[in-house]
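A.B. asks: Just data21.cif, nothing more (mmCIF, C-alpha atoms):
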```
data_model
loop_
_atom_site.group_PDB
_atom_site.id
_atom_site.type_symbol
_atom_site.label_atom_id
_atom_site.label_comp_id
_atom_site.auth_asym_id
_atom_site.auth_seq_id
_atom_site.Cartn_x
_atom_site.Cartn_y
_atom_site.Cartn_z
ATOM 1 C CA MET A 84 53.631 -44.232 -11.913
ATOM 2 C CA LEU A 85 50.806 -42.210 -10.405
ATOM 3 C CA SER A 86 48.690 -39.993 -12.608
ATOM 4 C CA THR A 87 48.514 -36.338 -11.630
ATOM 5 C CA GLY A 88 45.101 -36.938 -10.065
ATOM 6 C CA ALA A 89 46.303 -39.953 -8.111
ATOM 7 C CA LEU A 90 49.359 -38.048 -6.906
ATOM 8 C CA ARG A 91 47.135 -35.186 -5.771
ATOM 9 C CA ALA A 92 45.095 -37.693 -3.770
ATOM 10 C CA HIS A 93 48.298 -39.143 -2.304
ATOM 11 C CA LEU A 94 49.548 -35.695 -1.290
ATOM 12 C CA LEU A 95 46.346 -35.103 0.633
ATOM 13 C CA ALA A 96 46.083 -38.578 2.162
ATOM 14 C CA ALA A 97 49.713 -38.565 3.336
ATOM 15 C CA ARG A 98 49.356 -34.955 4.545
ATOM 16 C CA LEU A 99 52.206 -33.848 2.333
ATOM 17 C CA ALA A 100 49.789 -31.125 1.262
ATOM 18 C CA GLY A 101 46.402 -29.960 2.442
ATOM 19 C CA ALA A 102 46.267 -29.575 6.219
ATOM 20 C CA VAL A 103 49.830 -30.456 7.271
ATOM 21 C CA ALA A 104 51.442 -31.205 10.617
ATOM 22 C CA THR A 105 53.413 -27.949 10.624
ATOM 23 C CA SER A 106 51.580 -25.508 12.853
ATOM 24 C CA ARG A 107 50.694 -21.940 12.005
ATOM 25 C CA GLU A 108 52.508 -20.897 15.183
ATOM 26 C CA ALA A 109 55.750 -22.532 13.998
ATOM 27 C CA SER A 110 55.485 -20.878 10.602
ATOM 28 C CA LEU A 111 54.808 -17.417 12.024
ATOM 29 C CA ARG A 112 57.766 -17.806 14.379
ATOM 30 C CA SER A 113 59.997 -18.585 11.392
ATOM 31 C CA TYR A 114 58.665 -15.545 9.526
ATOM 32 C CA ARG A 115 59.468 -13.311 12.503
ATOM 33 C CA LEU A 116 62.978 -14.750 12.742
ATOM 34 C CA PHE A 117 63.546 -14.326 9.012
ATOM 35 C CA ALA A 118 62.317 -10.730 9.111
ATOM 36 C CA ALA A 119 64.901 -10.116 11.860
ATOM 37 C CA ARG A 120 67.557 -11.859 9.674
ATOM 38 C CA ASP A 121 68.141 -14.490 12.301
ATOM 39 C CA PRO A 122 70.516 -17.124 10.788
ATOM 40 C CA ARG A 123 68.317 -19.891 12.192
ATOM 41 C CA ALA A 124 65.719 -18.829 9.618
ATOM 42 C CA THR A 125 67.783 -17.357 6.773
ATOM 43 C CA LEU A 126 69.596 -20.704 6.243
ATOM 44 C CA GLY A 127 72.583 -19.084 4.553
ATOM 45 C CA LEU A 128 70.546 -16.804 2.308
ATOM 46 C CA LEU A 129 71.327 -13.086 2.314
ATOM 47 C CA PRO A 130 68.091 -11.528 1.051
ATOM 48 C CA GLU A 131 68.470 -8.631 -1.348
ATOM 49 C CA ARG A 132 65.986 -6.528 0.604
ATOM 50 C CA ASP A 133 64.286 -6.441 3.961
ATOM 51 C CA TRP A 134 61.162 -8.577 4.301
ATOM 52 C CA SER A 135 58.521 -7.753 6.905
ATOM 53 C CA GLU A 136 56.509 -10.468 8.592
ATOM 54 C CA ARG A 137 53.395 -9.330 6.698
ATOM 55 C CA GLU A 138 55.256 -9.518 3.362
ATOM 56 C CA LEU A 139 56.472 -13.018 4.210
ATOM 57 C CA ILE A 140 52.924 -14.136 5.000
ATOM 58 C CA ALA A 141 51.811 -12.796 1.613
ATOM 59 C CA LEU A 142 54.703 -14.533 -0.148
ATOM 60 C CA MET A 143 54.024 -17.854 1.560
ATOM 61 C CA ALA A 144 50.316 -17.557 0.755
ATOM 62 C CA ASP A 145 51.252 -17.091 -2.903
ATOM 63 C CA ARG A 146 53.880 -19.865 -3.060
ATOM 64 C CA CYS A 147 52.347 -22.421 -0.683
ATOM 65 C CA GLY A 148 48.701 -21.574 -0.194
ATOM 66 C CA VAL A 149 48.853 -20.811 3.527
ATOM 67 C CA SER A 150 46.400 -18.292 4.953
ATOM 68 C CA ASP A 151 47.212 -14.701 4.002
ATOM 69 C CA ASP A 152 45.423 -13.405 7.103
ATOM 70 C CA PRO A 153 47.897 -12.147 9.749
ATOM 71 C CA ALA A 154 45.130 -12.628 12.321
ATOM 72 C CA CYS A 155 45.256 -16.391 11.699
ATOM 73 C CA VAL A 156 47.741 -17.403 14.392
ATOM 74 C CA ASP A 157 47.014 -21.013 15.320
ATOM 75 C CA GLY A 158 45.987 -24.393 14.004
ATOM 76 C CA PRO A 159 47.590 -26.503 11.261
ATOM 77 C CA ASP A 160 49.129 -24.811 8.271
ATOM 78 C CA VAL A 161 47.749 -25.555 4.816
ATOM 79 C CA ILE A 162 49.564 -26.267 1.540
ATOM 80 C CA ASP A 163 47.656 -26.103 -1.739
ATOM 81 C CA PRO A 164 48.293 -29.429 -3.550
ATOM 82 C CA GLU A 165 47.976 -27.668 -6.923
ATOM 83 C CA ARG A 166 50.960 -25.503 -6.032
ATOM 84 C CA THR A 167 52.883 -28.622 -5.017
ATOM 85 C CA LEU A 168 52.087 -30.323 -8.327
ATOM 86 C CA THR A 169 53.040 -27.251 -10.349
ATOM 87 C CA ALA A 170 56.354 -26.965 -8.519
ATOM 88 C CA LEU A 171 57.052 -30.700 -8.894
ATOM 89 C CA ALA A 172 56.653 -30.296 -12.672
ATOM 90 C CA ALA A 173 59.146 -27.407 -12.684
ATOM 91 C CA PHE A 174 61.479 -29.415 -10.430
ATOM 92 C CA ALA A 175 61.333 -32.345 -12.878
ATOM 93 C CA GLU A 176 61.963 -30.056 -15.849
ATOM 94 C CA ARG A 177 65.118 -28.684 -14.213
ATOM 95 C CA LEU A 178 66.289 -32.193 -13.369
ATOM 96 C CA GLY A 179 65.633 -33.409 -16.892
ATOM 97 C CA ALA A 180 67.542 -30.501 -18.403
ATOM 98 C CA VAL A 181 70.719 -31.195 -16.433
ATOM 99 C CA ALA A 182 70.408 -34.928 -17.136
ATOM 100 C CA ALA A 183 70.071 -34.290 -20.891
ATOM 101 C CA ARG A 184 73.481 -32.650 -20.966
ATOM 102 C CA GLY A 185 75.115 -35.109 -18.537
ATOM 103 C CA GLY A 186 75.773 -32.414 -15.959
ATOM 104 C CA ALA A 187 77.278 -32.686 -12.494
ATOM 105 C CA VAL A 188 74.815 -32.795 -9.600
ATOM 106 C CA LEU A 189 75.252 -32.474 -5.832
ATOM 107 C CA LEU A 190 72.436 -33.786 -3.639
ATOM 108 C CA GLY A 191 72.186 -33.108 0.087
ATOM 109 C CA THR A 192 69.610 -33.130 2.854
ATOM 110 C CA GLY A 193 69.103 -31.761 6.322
ATOM 111 C CA HIS A 194 66.264 -34.272 6.766
ATOM 112 C CA PRO A 195 68.036 -37.627 6.274
ATOM 113 C CA HIS A 196 65.539 -39.613 8.336
ATOM 114 C CA ARG A 197 62.671 -38.495 6.101
ATOM 115 C CA LEU A 198 64.015 -37.458 2.707
ATOM 116 C CA LEU A 199 67.083 -39.600 2.063
ATOM 117 C CA GLY A 200 65.107 -42.111 -0.001
ATOM 118 C CA PHE A 201 63.589 -39.379 -2.171
ATOM 119 C CA TYR A 202 66.974 -37.915 -3.071
ATOM 120 C CA ALA A 203 68.687 -41.314 -3.380
ATOM 121 C CA GLY A 204 66.170 -42.330 -6.039
ATOM 122 C CA LEU A 205 67.039 -39.181 -7.972
ATOM 123 C CA ALA A 206 70.776 -39.827 -7.546
ATOM 124 C CA ASP A 207 70.451 -43.371 -8.897
ATOM 125 C CA ALA A 208 68.545 -42.204 -11.963
ATOM 126 C CA LEU A 209 70.879 -39.284 -12.654
ATOM 127 C CA SER A 210 73.910 -41.541 -12.429
ATOM 128 C CA ALA A 211 72.293 -44.058 -14.791
ATOM 129 C CA ALA A 212 71.628 -41.216 -17.240
ATOM 130 C CA GLY A 213 75.337 -40.342 -17.344
ATOM 131 C CA CYS A 214 75.413 -37.486 -14.858
ATOM 132 C CA VAL A 215 78.260 -37.062 -12.393
ATOM 133 C CA VAL A 216 76.815 -37.384 -8.885
ATOM 134 C CA LEU A 217 79.333 -35.501 -6.772
ATOM 135 C CA THR A 218 80.505 -36.735 -3.335
ATOM 136 C CA PRO A 219 83.188 -34.211 -2.321
ATOM 137 C CA ALA A 220 84.772 -33.702 1.117
ATOM 138 C CA GLN A 221 83.674 -37.120 2.402
ATOM 139 C CA GLY A 222 84.260 -37.338 6.164
ATOM 140 C CA ARG A 223 85.243 -33.701 6.569
ATOM 141 C CA CYS A 224 84.368 -32.025 9.869
ATOM 142 C CA VAL A 225 81.664 -29.369 10.001
ATOM 143 C CA ASP A 226 81.129 -27.380 13.209
ATOM 144 C CA ILE A 227 77.428 -26.557 13.418
ATOM 145 C CA THR A 228 75.668 -24.411 16.007
ATOM 146 C CA THR A 229 72.811 -26.342 17.609
ATOM 147 C CA ARG A 230 70.497 -25.642 20.527
ATOM 148 C CA PHE A 231 73.066 -27.499 22.633
ATOM 149 C CA GLY A 232 75.944 -25.324 21.452
ATOM 150 C CA VAL A 233 78.498 -25.889 18.702
ATOM 151 C CA ARG A 234 78.742 -29.571 17.789
ATOM 152 C CA THR A 235 81.213 -31.192 15.413
ATOM 153 C CA HIS A 236 79.627 -33.189 12.599
ATOM 154 C CA ASN A 237 81.079 -35.198 9.749
ATOM 155 C CA LEU A 238 79.983 -34.848 6.148
ATOM 156 C CA GLU A 239 78.920 -38.277 4.856
ATOM 157 C CA TYR A 240 77.309 -39.684 1.724
ATOM 158 C CA VAL A 241 74.725 -42.449 1.579
ATOM 159 C CA ARG A 242 73.636 -43.617 -1.889
ATOM 160 C CA GLY A 243 75.049 -40.434 -3.388
ATOM 161 C CA VAL A 244 73.248 -38.092 -0.991
ATOM 162 C CA ALA A 245 75.132 -35.837 1.412
ATOM 163 C CA MET A 246 74.174 -35.411 5.048
ATOM 164 C CA VAL A 247 75.927 -34.766 8.345
ATOM 165 C CA ARG A 248 76.302 -37.008 11.343
ATOM 166 C CA GLU A 249 77.493 -36.011 14.794
ATOM 167 C CA ALA A 250 81.166 -36.926 15.097
ATOM 168 C CA ASP A 251 80.668 -39.214 18.105
ATOM 169 C CA VAL A 252 77.849 -41.226 16.474
ATOM 170 C CA ARG A 253 78.987 -44.656 15.382
ATOM 171 C CA GLY A 254 78.043 -46.490 12.219
ATOM 172 C CA ALA A 255 79.376 -44.283 9.440
ATOM 173 C CA GLY A 256 77.661 -45.213 6.219
ATOM 174 C CA SER A 257 74.380 -46.057 7.910
ATOM 175 C CA GLU A 258 71.231 -44.192 6.956
ATOM 176 C CA THR A 259 71.046 -42.167 10.147
ATOM 177 C CA GLY A 260 72.105 -38.560 10.252
ATOM 178 C CA ALA A 261 71.451 -35.227 11.898
ATOM 179 C CA HIS A 262 68.569 -32.891 11.196
ATOM 180 C CA THR A 263 70.090 -29.525 10.341
ATOM 181 C CA HIS A 264 69.159 -26.257 8.678
ATOM 182 C CA SER A 265 72.776 -25.100 8.406
ATOM 183 C CA PRO A 266 74.325 -23.938 5.097
ATOM 184 C CA LEU A 267 77.795 -24.976 6.310
ATOM 185 C CA PRO A 268 77.636 -28.550 4.918
ATOM 186 C CA VAL A 269 77.088 -27.359 1.346
ATOM 187 C CA ARG A 270 79.861 -24.790 1.723
ATOM 188 C CA VAL A 271 82.246 -27.494 2.920
ATOM 189 C CA ALA A 272 81.182 -29.776 0.061
ATOM 190 C CA LEU A 273 81.751 -27.031 -2.507
ATOM 191 C CA GLU A 274 85.149 -26.244 -1.010
ATOM 192 C CA GLY A 275 85.961 -29.934 -1.447
ATOM 193 C CA VAL A 276 84.970 -29.740 -5.113
ATOM 194 C CA ALA A 277 87.229 -26.717 -5.644
ATOM 195 C CA GLU A 278 90.157 -28.377 -3.889
ATOM 196 C CA GLY A 279 89.782 -31.527 -5.964
ATOM 197 C CA ARG A 280 89.633 -29.515 -9.192
ATOM 198 C CA GLY A 281 86.578 -31.482 -10.209
ATOM 199 C CA PRO A 282 83.543 -30.032 -11.965
ATOM 200 C CA LEU A 283 81.427 -27.612 -9.973
ATOM 201 C CA PRO A 284 77.825 -28.776 -9.744
ATOM 202 C CA ASP A 285 75.539 -27.695 -12.526
ATOM 203 C CA LEU A 286 72.703 -28.273 -10.069
ATOM 204 C CA VAL A 287 72.308 -28.686 -6.317
ATOM 205 C CA VAL A 288 69.245 -30.616 -5.160
ATOM 206 C CA GLY A 289 68.179 -30.640 -1.527
ATOM 207 C CA ASP A 290 66.487 -28.707 1.243
ATOM 208 C CA HIS A 291 67.186 -26.192 4.012
ATOM 209 C CA GLY A 292 70.745 -24.833 3.965
ATOM 210 C CA TRP A 293 71.763 -27.030 1.029
ATOM 211 C CA VAL A 294 69.514 -25.053 -1.296
ATOM 212 C CA CYS A 295 69.922 -21.607 0.250
ATOM 213 C CA GLY A 296 73.677 -21.968 0.719
ATOM 214 C CA ALA A 297 74.185 -23.066 -2.895
ATOM 215 C CA GLY A 298 71.826 -20.463 -4.306
ATOM 216 C CA GLN A 299 73.546 -17.702 -2.376
ATOM 217 C CA LEU A 300 76.820 -18.724 -4.065
ATOM 218 C CA GLY A 301 75.241 -18.467 -7.503
ATOM 219 C CA ILE A 302 74.793 -22.195 -8.128
ATOM 220 C CA ASP A 303 71.563 -23.433 -9.667
ATOM 221 C CA ALA A 304 69.563 -24.988 -6.820
ATOM 222 C CA ILE A 305 66.186 -26.685 -6.473
ATOM 223 C CA GLY A 306 64.540 -28.288 -3.473
ATOM 224 C CA LEU A 307 61.723 -29.030 -1.106
ATOM 225 C CA ALA A 308 60.454 -26.785 1.684
ATOM 226 C CA ASP A 309 57.799 -26.700 4.369
ATOM 227 C CA THR A 310 55.663 -23.724 5.362
ATOM 228 C CA ASP A 311 58.093 -22.824 8.157
ATOM 229 C CA ASP A 312 61.031 -22.524 5.708
ATOM 230 C CA PRO A 313 60.477 -19.050 4.215
ATOM 231 C CA ALA A 314 64.134 -18.647 3.207
ATOM 232 C CA LEU A 315 63.840 -20.982 0.222
ATOM 233 C CA PHE A 316 60.751 -19.195 -1.083
ATOM 234 C CA VAL A 317 62.385 -15.782 -0.615
ATOM 235 C CA GLY A 318 65.380 -17.135 -2.534
ATOM 236 C CA GLU A 319 63.044 -18.263 -5.306
ATOM 237 C CA ALA A 320 61.245 -14.902 -5.352
ATOM 238 C CA GLU A 321 64.547 -13.015 -5.531
ATOM 239 C CA GLY A 322 66.104 -15.309 -8.126
ATOM 240 C CA GLN A 323 68.791 -17.073 -6.070
ATOM 241 C CA VAL A 324 66.855 -20.371 -6.003
ATOM 242 C CA SER A 325 65.371 -21.874 -9.166
ATOM 243 C CA VAL A 326 62.515 -24.083 -7.913
ATOM 244 C CA VAL A 327 61.004 -24.783 -4.491
ATOM 245 C CA VAL A 328 58.376 -27.479 -3.981
ATOM 246 C CA PRO A 329 56.018 -26.715 -1.069
ATOM 247 C CA LEU A 330 55.237 -29.800 1.023
ATOM 248 C CA ASP A 331 55.492 -31.175 4.535
ATOM 249 C CA ASP A 332 59.125 -32.279 4.849
ATOM 250 C CA ALA A 333 58.723 -34.510 7.899
ATOM 251 C CA VAL A 334 56.173 -37.229 7.139
ATOM 252 C CA ARG A 335 57.039 -40.934 6.830
ATOM 253 C CA SER A 336 59.935 -41.534 4.454
ATOM 254 C CA ASP A 337 58.010 -44.005 2.274
ATOM 255 C CA TYR A 338 55.362 -41.369 1.562
ATOM 256 C CA TYR A 339 57.873 -39.519 -0.643
ATOM 257 C CA LEU A 340 58.544 -42.481 -2.947
ATOM 258 C CA PRO A 341 55.555 -41.789 -5.251
ATOM 259 C CA LEU A 342 56.951 -38.266 -5.677
ATOM 260 C CA THR A 343 60.306 -39.726 -6.734
ATOM 261 C CA ARG A 344 58.630 -41.862 -9.388
ATOM 262 C CA TYR A 345 56.480 -38.955 -10.574
ATOM 263 C CA VAL A 346 59.451 -36.600 -10.899
ATOM 264 C CA LEU A 347 61.625 -39.160 -12.687
ATOM 265 C CA ASN A 348 58.836 -39.974 -15.128
ATOM 266 C CA ARG A 349 58.246 -36.313 -15.965
ATOM 267 C CA ALA A 350 62.012 -35.780 -16.296
ATOM 268 C CA CYS A 351 62.228 -38.799 -18.674
ATOM 269 C CA LEU A 352 64.566 -40.503 -16.207
ATOM 270 C CA SER A 353 62.443 -43.516 -15.256
ATOM 271 C CA GLN A 354 64.460 -46.727 -15.131
#
```
Just dump the structure as structure tokens.

C.D. replies:
Amino acid sequence: MLSTGALRAHLLAARLAGAVATSREASLRSYRLFAARDPRATLGLLPERDWSERELIALMADRCGVSDDPACVDGPDVIDPERTLTALAAFAERLGAVAARGGAVLLGTGHPHRLLGFYAGLADALSAAGCVVLTPAQGRCVDITTRFGVRTHNLEYVRGVAMVREADVRGAGSETGAHTHSPLPVRVALEGVAEGRGPLPDLVVGDHGWVCGAGQLGIDAIGLADTDDPALFVGEAEGQVSVVVPLDDAVRSDYYLPLTRYVLNRACLSQ
């Protein structure tokens, strides 16, 4: 298990924090869309108040460490590794608390190619600790709006982690899935829980619409978010989301494995 100092060095070397691949232009575009309440940026969150682009820049500077200068409009975005480490500690504390009482957990990702391994490691440890790792509505159809129009996807689970796959993609059960920001998958999963009369999740762990969609419904939610995902940080600021860890969410999948080990160790869930 990495020490805090070694993990900080890893965050910077892997570009999970520090100067990240997400561009300032992409982040500012997301802030403009969120300020206009565009669903592509709100990710299922209904903010309690209006947020201007300038207010979003200030929020993201506070939560992530990006530049707070509106005149800064290009170049790579920057994430403060100290903020990432602080949020990882809070993330681990929340995970440890639900594990201590053997709670029910739902894990889902809109970044299966990158983050599946991170969440799967958490799912394995939670299950071993006696938690119920929920897998409701397996195979159910979810119609998601994409840049190519509405496409039908299927809700699938790999190693206890939910994701969606386009309906015409073969190889169900493989570790490939669709990149999506939509909150519809978590809504479908929660409907499946209600229909099956099983326990509602005590905690939802994920990213994008999984976190915002759950938080909007009043379910405790924690997750990861990049600098162009202001919705999660607004949800955290307004109290709908419990913890958001700022980091680049699209680096190589194996770069997240040290974070899994670090979180599980801090949550007293190491196997």

A.B. asks: Carefully work through the PyMOL selection byres ((chain A and resi 156) around 10) for this structure and note down the residues it includes, as a list in words.

C.D. replies: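 When the PyMOL selection byres ((chain A and resi 156) around 10) is applied, the selected residues are Ser106, Arg107, Glu108, Ala109, Ser110, Leu111, Ser150, Asp152, Pro153, Ala154, Cys155, Asp157, Gly158, Pro159 and Asp160 of chain A.
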
A.B. asks: Restricting it to C-alpha atoms, dump the selection as a tab-separated table (two decimals), in the coordinates of the input.

C.D. replies:
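Result file follows (result-v5.tsv):
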```tsv
chain	number	residue	atom	x	y	z
A	106	SER	CA	51.58	-25.51	12.85
A	107	ARG	CA	50.69	-21.94	12.00
A	108	GLU	CA	52.51	-20.90	15.18
A	109	ALA	CA	55.75	-22.53	14.00
A	110	SER	CA	55.48	-20.88	10.60
A	111	LEU	CA	54.81	-17.42	12.02
A	150	SER	CA	46.40	-18.29	4.95
A	152	ASP	CA	45.42	-13.40	7.10
A	153	PRO	CA	47.90	-12.15	9.75
A	154	ALA	CA	45.13	-12.63	12.32
A	155	CYS	CA	45.26	-16.39	11.70
A	157	ASP	CA	47.01	-21.01	15.32
A	158	GLY	CA	45.99	-24.39	14.00
A	159	PRO	CA	47.59	-26.50	11.26
A	160	ASP	CA	49.13	-24.81	8.27
```

A.B. asks: Please determine the residues with any atom at most 8 Å from (65.4, -21.2, -11.0) (coordinates as given in the file, with only C-alpha atoms counting) and report them as a short mmCIF file (atom, residue, chain, number, x, y, z; two decimals) with C-alpha atoms, in the coordinates of the input.

C.D. replies:
```cif
data_model
loop_
_atom_site.label_atom_id
_atom_site.label_comp_id
_atom_site.auth_asym_id
_atom_site.auth_seq_id
_atom_site.Cartn_x
_atom_site.Cartn_y
_atom_site.Cartn_z
CA ASP A 303 71.56 -23.43 -9.67
CA ALA A 304 69.56 -24.99 -6.82
CA ILE A 305 66.19 -26.68 -6.47
CA GLU A 319 63.04 -18.26 -5.31
CA GLY A 322 66.10 -15.31 -8.13
CA GLN A 323 68.79 -17.07 -6.07
CA VAL A 324 66.86 -20.37 -6.00
CA SER A 325 65.37 -21.87 -9.17
CA VAL A 326 62.52 -24.08 -7.91
#
```

A.B. asks: Quick one: of A:Leu171, A:Val233, A:Leu128, A:Ala102, who's nearest to Arg349 (chain A), counting all atoms listed in the file?

C.D. replies: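 Of the candidates, the smallest distance to Arg349 (chain A) is held by A:Leu171.
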
A.B. asks: Using the chain letters and numbers from the file, give me the residues hit by the PyMOL selection byres ((chain A and resi 273-290) around 7), as an MDAnalysis selection string.

C.D. replies: chainID A and resid 186:193 219:220 269:272 291:294 297 302:308

A.B. asks: Calculated over only C-alpha atoms, which of the candidates A:Tyr202, A:Ser265, A:Val225, A:Val317 has the smallest distance to Ser135 (chain A)?

C.D. replies: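 Under the stated criterion, the closest residue is A:Val317.
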
A.B. asks: With a distance cut-off of 12 Å and only C-alpha atoms, select the neighbouring residues of Leu90 (chain A), excluding the residue or stretch itself and same-chain residues fewer than 6 positions from it, and output the selection as a PyMOL selection string.

C.D. replies: chain A and resi 84+96-100+164-165+167-169+171+338-346

A.B. asks: As an exercise, work out the distance from CA of Gly127 (chain A) to CA of Pro266 (chain A) in Å and give it to one decimal place.

C.D. replies: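 For CA of Gly127 (chain A) relative to CA of Pro266 (chain A), the distance reads 5.2 Å.
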